[in-house]
Amino acid sequence: MIAEELLLEFGAEIITYTKEEYLFEEGKKAHYYFQVKSGEVKMNNFNAQGKEFIQSIFSCPRSFGEPPLFSDIPYPANAVAVSKAEVFRLKKEVFLDLLLKYPKVHLSVTRGMAKRLYYKAIMASEISSEDPEHRILTLLDYLKKDVHHLNEPFSFKVNITRQQIADLSGLRVETVIRATKSLEKKEELKIKNRKLYR
């Protein structure tokens, strides 16, 4: 979202995180702006029974965790490296100063947050839906629109696991497996070498 050169000019650090390492924890105060340089980071919560719910997965060059920086509230979720990840980390005060000095960057960050808010609103509505197939298609269509501009059928390769689809949609992995097979029969998805295509 913010050009790497600009982040470095403002003193951003590049921090390397190992798989499953926490970048921040739910309930903690926000002190930094984070932007993925390489690898993937997920934001998640756990319910009372310990089941993980993934809010979203972020890869280069996406940022995450900004709302608490603007509103001085604690993080509503954890941020955890899905794989080895390099992440730009910029102090909150410096980040806010950067936004004041570069209004176009501020607008870009705001647009990114608005897209994530839109996704959360759609998924909140879908999770209340009883139909697993509908939930899965809504999630995949959102991911496709976010990173893929072709409209050809089955041109979008889904780069998340069935477990991650389950965690993002509030379903069990067994339900996702059954539903994706059903969606393939209905010609809504293609499964090729264990990969999903939409």
# chains A, B, ... in the order shown; residues from 1 in each chain; ligands from 1
$ residues_around --residues "Ser169 of chain A" --least-positions-apart "6" --cutoff "9 Å" --atoms "only C-alpha atoms" --output "PyMOL selection string"
chain A and resi 53-54+123+126-127+132+135-136+139
$ residues_around --residues "segment 88-103 of chain A" --least-positions-apart "6" --cutoff "6 Å" --atoms "only C-alpha atoms" --output "list in words"
Ala12, Glu13, Ile14, His31, Tyr32, Tyr33, Phe34 and Gln35 of chain A
$ residues_around --residues "segment 21-27 of chain A" --least-positions-apart "5" --cutoff "6 Å" --atoms "only C-alpha atoms" --output "PDB file with N, CA, C and O atoms, in the first residue's frame"
ATOM      1  N   PRO A  74      -7.444  -1.151  21.514  1.00  0.00           N
ATOM      2  CA  PRO A  74      -6.582  -2.333  21.424  1.00  0.00           C
ATOM      3  C   PRO A  74      -6.878  -3.148  20.158  1.00  0.00           C
ATOM      4  O   PRO A  74      -7.948  -3.013  19.548  1.00  0.00           O
ATOM      5  N   TYR A  75      -5.913  -3.974  19.787  1.00  0.00           N
ATOM      6  CA  TYR A  75      -6.111  -4.839  18.623  1.00  0.00           C
ATOM      7  C   TYR A  75      -7.293  -5.777  18.857  1.00  0.00           C
ATOM      8  O   TYR A  75      -7.382  -6.403  19.916  1.00  0.00           O
ATOM      9  N   PRO A  76      -8.195  -5.915  17.872  1.00  0.00           N
ATOM     10  CA  PRO A  76      -9.345  -6.805  18.016  1.00  0.00           C
ATOM     11  C   PRO A  76      -9.015  -8.266  17.669  1.00  0.00           C
ATOM     12  O   PRO A  76      -9.849  -9.146  17.815  1.00  0.00           O
ATOM     13  N   ALA A  77      -7.783  -8.505  17.193  1.00  0.00           N
ATOM     14  CA  ALA A  77      -7.377  -9.857  16.775  1.00  0.00           C
ATOM     15  C   ALA A  77      -5.859  -9.972  16.897  1.00  0.00           C
ATOM     16  O   ALA A  77      -5.160  -8.985  17.120  1.00  0.00           O
ATOM     17  N   ASN A  78      -5.383 -11.208  16.751  1.00  0.00           N
ATOM     18  CA  ASN A  78      -3.950 -11.473  16.710  1.00  0.00           C
ATOM     19  C   ASN A  78      -3.453 -11.327  15.277  1.00  0.00           C
ATOM     20  O   ASN A  78      -4.225 -11.501  14.336  1.00  0.00           O
ATOM     21  N   ALA A  79      -2.154 -11.073  15.111  1.00  0.00           N
ATOM     22  CA  ALA A  79      -1.507 -11.158  13.804  1.00  0.00           C
ATOM     23  C   ALA A  79      -0.398 -12.197  13.946  1.00  0.00           C
ATOM     24  O   ALA A  79       0.451 -12.092  14.840  1.00  0.00           O
ATOM     25  N   VAL A  80      -0.436 -13.222  13.067  1.00  0.00           N
ATOM     26  CA  VAL A  80       0.471 -14.359  13.165  1.00  0.00           C
ATOM     27  C   VAL A  80       1.048 -14.666  11.790  1.00  0.00           C
ATOM     28  O   VAL A  80       0.306 -14.688  10.795  1.00  0.00           O
ATOM     29  N   ALA A  81       2.345 -14.925  11.724  1.00  0.00           N
ATOM     30  CA  ALA A  81       2.967 -15.305  10.457  1.00  0.00           C
ATOM     31  C   ALA A  81       2.468 -16.682  10.032  1.00  0.00           C
ATOM     32  O   ALA A  81       2.520 -17.637  10.805  1.00  0.00           O
TER      33      ALA A  81
END
$ select_by_dssp --residues "segment 18-160 of chain A" --states "strand (DSSP E)" --output "ChimeraX atom specification"
/A:22-24,32-38,40-46,52-59,63-64,78-81,85-91
$ write_last_selection --atoms "C-alpha atoms" --output "JSON list (two decimals), in the first residue's frame"
[["chain", "number", "residue", "atom", "x", "y", "z"],
["A", 22, "TYR", "CA", 2.95, -13.46, 16.70],
["A", 23, "LEU", "CA", 3.41, -9.91, 15.40],
["A", 24, "PHE", "CA", 0.86, -8.62, 17.91],
["A", 32, "TYR", "CA", 3.28, 0.19, 14.78],
["A", 33, "TYR", "CA", 2.09, 0.22, 11.18],
["A", 34, "PHE", "CA", 2.70, -3.19, 9.52],
["A", 35, "GLN", "CA", 3.06, -3.98, 5.81],
["A", 36, "VAL", "CA", 4.03, -7.36, 4.35],
["A", 37, "LYS", "CA", 7.24, -7.43, 2.29],
["A", 38, "SER", "CA", 7.26, -11.22, 1.74],
["A", 40, "GLU", "CA", 1.96, -14.22, 4.59],
["A", 41, "VAL", "CA", 0.37, -12.99, 7.82],
["A", 42, "LYS", "CA", -3.08, -13.87, 9.15],
["A", 43, "MET", "CA", -5.26, -12.04, 11.61],
["A", 44, "ASN", "CA", -7.21, -14.43, 13.82],
["A", 45, "ASN", "CA", -9.26, -14.94, 16.96],
["A", 46, "PHE", "CA", -10.14, -18.04, 18.96],
["A", 52, "GLU", "CA", -9.60, -20.51, 15.27],
["A", 53, "PHE", "CA", -11.42, -17.96, 13.14],
["A", 54, "ILE", "CA", -9.22, -16.27, 10.53],
["A", 55, "GLN", "CA", -10.25, -12.69, 9.90],
["A", 56, "SER", "CA", -8.04, -12.37, 6.81],
["A", 57, "ILE", "CA", -4.72, -13.39, 5.26],
["A", 58, "PHE", "CA", -2.30, -10.72, 4.02],
["A", 59, "SER", "CA", 0.55, -10.99, 1.52],
["A", 63, "SER", "CA", -0.92, -3.77, 5.30],
["A", 64, "PHE", "CA", -2.91, -4.83, 8.34],
["A", 78, "ASN", "CA", -3.95, -11.47, 16.71],
["A", 79, "ALA", "CA", -1.51, -11.16, 13.80],
["A", 80, "VAL", "CA", 0.47, -14.36, 13.16],
["A", 81, "ALA", "CA", 2.97, -15.30, 10.46],
["A", 85, "ALA", "CA", 7.50, -13.44, 6.60],
["A", 86, "GLU", "CA", 9.35, -10.17, 6.22],
["A", 87, "VAL", "CA", 7.29, -7.23, 7.41],
["A", 88, "PHE", "CA", 7.86, -3.48, 7.38],
["A", 89, "ARG", "CA", 7.27, -2.02, 10.84],
["A", 90, "LEU", "CA", 6.92, 1.74, 11.27],
["A", 91, "LYS", "CA", 6.32, 3.54, 14.57]]
$ closest_residue --among "A:Leu189, A:Ser71, A:Val82, A:Lys181" --to "Gln164 of chain A" --atoms "only C-alpha atoms"
A:Val82
$ residues_around --residues "Glu188 of chain A" --least-positions-apart "3" --cutoff "7 Å" --atoms "only C-alpha atoms" --output "list in words"
Leu183, Glu184 and Arg198 of chain A
$ select_by_dssp --residues "chain A" --states "alpha helix (DSSP H)" --output "PyMOL selection string"
chain A and resi 4-9+67-71+92-101+103-127+132-147+162-169+173-185
$ atom_distance --atom1 "atom CA of Ile165 of chain A" --atom2 "atom CA of Tyr119 of chain A"
14.4 Å
$ closest_residue --among "A:Lys185, A:Lys51, A:Lys29, A:Arg111" --to "Glu133 of chain A" --atoms "only C-alpha atoms"
A:Lys185
$ closest_residue --among "A:Leu168, A:Leu107, A:Gly50, A:Gln163" --to "Lys120 of chain A" --atoms "only C-alpha atoms"
A:Leu168
$ residues_around --residues "Arg162 of chain A" --least-positions-apart "4" --cutoff "12 Å" --atoms "only C-alpha atoms" --output "list in words"
Ile136, Leu139, Leu140, Val158, Ala166, Asp167, Leu168, Ser169, Gly170, Leu171, Arg172, Val173, Glu174, Thr175, Val176, Ile177, Arg178, Ala179, Thr180, Lys181, Ile191, Arg194, Lys195 and Leu196 of chain A
$ closest_residue --among "A:Ile122, A:Ala30, A:Leu8, A:Leu143" --to "Lys157 of chain A" --atoms "only C-alpha atoms"
A:Leu143
$ atom_distance --atom1 "atom CA of Lys115 of chain A" --atom2 "atom CA of Gly39 of chain A"
21.0 Å
